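Here's the structure we're looking at; comments come further down.
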Amino acid sequence: MMDADANSVSNRPLCYAPFTSLLIDTNKGVRPCCSWHGEYFGNLHTDKLSDIINSKSWKGLQNKMLQHEWHPACHNCKERELYTGTSVRLGFQENAAKYEVLDNPALIEVELNSSNICNLACIHCSSDFSSSWIPYEKKLAEDQFASSRTKFLPQQFIQDPPKTIQDFKEVDSAAIKLLRFKGGEPFMNKEAKQLLLFLDEQGRLPDIEVEIITNGSVIDKDYLPLLQRCKSVKTHISIDGINEIQKYIRFGNSSTDRIESFISFFSQLNNIQMEPLVSVMPYNVFRLHPIIEWWTAIHALYPSRTIAKMSFNLLVMQPEYLNVNVLSDETRAALVKKLELINDADMKHVIQALQAPYAGAYWHTRFVQYTRLMNEYRRMKIEEIVPELAPELV
């Protein structure tokens with residue numbers, strides 16, 4: 001996918017995503033990666049996947065990356081690197097090195113989201129990625145809370161396994177080394193299972209690493225034999241708090257008891273590595289240590305199936321009013337001192353985010369307005385669950 005005259009270290013691209021990756025979004029739109037915030041390059045409802053990744057516009061993005069030019073739609077990675085020191089772009093560089101395609105890029109990574117079907121309505125999500133958010137999008141509109149977090153009209157996107165599999169039959173999948181399943185909730189998405197079945201028929205699963213971001217509340221037993229045949233399986237299990245905080249943020253049947261049942265079931269796989277994924281935001285940043293304590297107990301039960309030390313590297317940046325820098329300077333300074341005392345988890349990205357400049361009165365006001373609406377919709381008061389937030393909600 002990369003021109004021969006570019007096969008030198010000096011001409012390695014700014015970002016490998018347009019060369020080594022593709023993502024199918026919940027609405028069937030196709031883009032290079034999850035951080036691309038521009039127009040789709042095509043849609044599987046109307047276009048063939050092979051035509052999309054060989055289109056003039058896709059090739060144009062590749063050329064821009066070879067010229068080391070930041071595309072405006074790549075601003076999320078650029079900002080995140082400045083803000084947290086990490087980004088999706090850097091992850092693609094690491095994978096290009098890992099799979100030895102730095103100078104001869106090929107399609108090695110596929111991210112399949114392809115449906116927004118989900119049983120939870122997480123407070124930092126939207127109907128773009130969760131069908132359970134649809135009624136709340138409508139309520140926000142009725143309450144005149146304008147939001148730029150959704151790209152599509154609130155709707156449940158239809159799954160179409162036969163069409164998706166036909167598209168993959170027409171692209172060169174021989175070099176695929178990594179599959180990512182997000183969503184929506186991947187274990188509710190029939191297309192994810194069908195893609196695994198297709199690659200199993202091709203004899204490819206033993207060469208493929210699978211990453212799944214899941215809320216850990218859905219168990220589909222049909223996945224077990226398919227995942228067992230994969231080279232490796234990594235599950236990132238979303239957990240944003242313990243007890244009432246988890247209930248407030250994720251709003252659905254996603255209790256730690258339910259997640260523990262999920263972990264117990266999939267611990268049957270001898271090729272799996274499970275780890276918690278915490279989306280850090282104003283609602284949980286005061287209560288991160290209880291999550292560490294909970295995970296430490298989980299790791300003691302499944303030491304060979306779970307990571308030992310947590311890393312808090314996912315900071316909510318969109319929507320902006322759920323970024324931790326909407327909190328006051330005084331509150332953020334106190335949090336930094338508190339988190340600097342934690343040595344049983346990696347907190348450097350959270351601390352770096354808290355040390356960033358204050359977001360300003362506008363985004364703070366939006367945070368307060370949004371929180372009051374969520375309190376009403378969820379029939380819970382976050383300031384009673386996390387009293388340290390009360391002074392911020394004025």
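In the structure tokens, chains take letters A, B, ... by order of appearance, with residues numbered from 1 within each chain and ligands from 1 in the order shown.
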Please list as a ChimeraX atom specification every residue within 12 Å of Cys33 in chain A, counting only C-alpha atoms and excluding residues in the same chain fewer than 3 positions away. /A:15-25,29-30,36-38,40-41,73-74,76-77,87-89,91-92,109-113,180
Take the selection from the previous step and output its residues with C-alpha atoms, as a tab-separated table (two decimals), in the first residue's frame.
```
chain	number	residue	atom	x	y	z
A	15	CYS	CA	0.89	8.10	10.94
A	16	TYR	CA	0.56	4.49	9.80
A	17	ALA	CA	-3.22	4.28	10.16
A	18	PRO	CA	-4.12	4.95	6.47
A	19	PHE	CA	-1.59	2.29	5.43
A	20	THR	CA	-2.11	-0.45	8.00
A	21	SER	CA	-5.60	0.00	9.39
A	22	LEU	CA	-9.28	0.41	8.64
A	23	LEU	CA	-12.27	0.97	10.88
A	24	ILE	CA	-15.92	0.22	10.20
A	25	ASP	CA	-18.07	2.48	12.32
A	29	GLY	CA	-18.95	4.40	7.64
A	30	VAL	CA	-15.30	3.61	6.93
A	36	TRP	CA	-10.17	10.32	12.63
A	37	HIS	CA	-12.63	13.22	13.04
A	38	GLY	CA	-13.31	13.94	9.39
A	40	TYR	CA	-16.05	9.08	6.03
A	41	PHE	CA	-14.26	7.72	2.99
A	73	ALA	CA	-9.21	15.54	11.01
A	74	CYS	CA	-6.24	14.21	12.99
A	76	ASN	CA	-7.54	14.62	18.31
A	77	CYS	CA	-4.23	12.71	18.33
A	87	SER	CA	-2.30	8.88	21.39
A	88	VAL	CA	-3.77	6.42	18.93
A	89	ARG	CA	-1.21	7.55	16.34
A	91	GLY	CA	-0.05	3.09	18.99
A	92	PHE	CA	-0.10	2.54	15.23
A	109	GLU	CA	-5.33	-3.94	11.80
A	110	VAL	CA	-9.11	-4.01	11.48
A	111	GLU	CA	-11.50	-2.37	13.92
A	112	LEU	CA	-15.08	-3.53	13.65
A	113	ASN	CA	-17.65	-1.45	15.49
A	180	ARG	CA	-10.41	-4.93	17.42
```
10 Å contact set for Lys190 in chain A, only C-alpha atoms, chain neighbours under 6 positions out, as a PyMOL selection string: chain A and resi 114-115+159-161
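Counting only C-alpha atoms, the residue from A:Arg258, A:Arg379, A:Lys309, A:Arg250 that sits nearest to Pro276 in chain A is A:Lys309.
The residue that comes closest to Ala174 in chain A, out of A:Leu269, A:Leu107, A:Leu341, A:Ala141 and on the basis of only C-alpha atoms, is A:Leu107.
Picture a line from CA of Leu196 in chain A to CA of Phe181 in chain A; it runs 10.5 Å.
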Please identify the alpha helix (DSSP H) residues within range 64-299 of chain A (assignment by DSSP from backbone atoms) and present them as a PyMOL selection string. chain A and resi 64-66+75-84+88-98+134-142+161-169+190-201+223-228+244-250+256-266+289-299
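Of the listed residues (A:Phe187, A:Tyr362, A:Tyr83, A:Tyr136), A:Tyr83 comes nearest to His349 in chain A; the distances count only C-alpha atoms.
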What lies within 12 Å of Thr365 in chain A using only C-alpha atoms, ignoring chain neighbours under 2 positions off, as number ranges by chain? A: 145, 320-322, 326-328, 359-363, 367-372, 392-394
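CA of Tyr248 in chain A to CA of Leu301 in chain A spans 27.1 Å [interatomic distance, one decimal].
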A:Ser126, A:Asn63, A:Ser131, A:Ser50 ranked by distance to Lys169 in chain A, top pick (using only C-alpha atoms): A:Ser50
Quick one: residues within 7 Å of range 65-72 of chain A, only C-alpha atoms counted, chain neighbours fewer than 5 positions away excluded, as a ChimeraX atom specification? /A:11-15
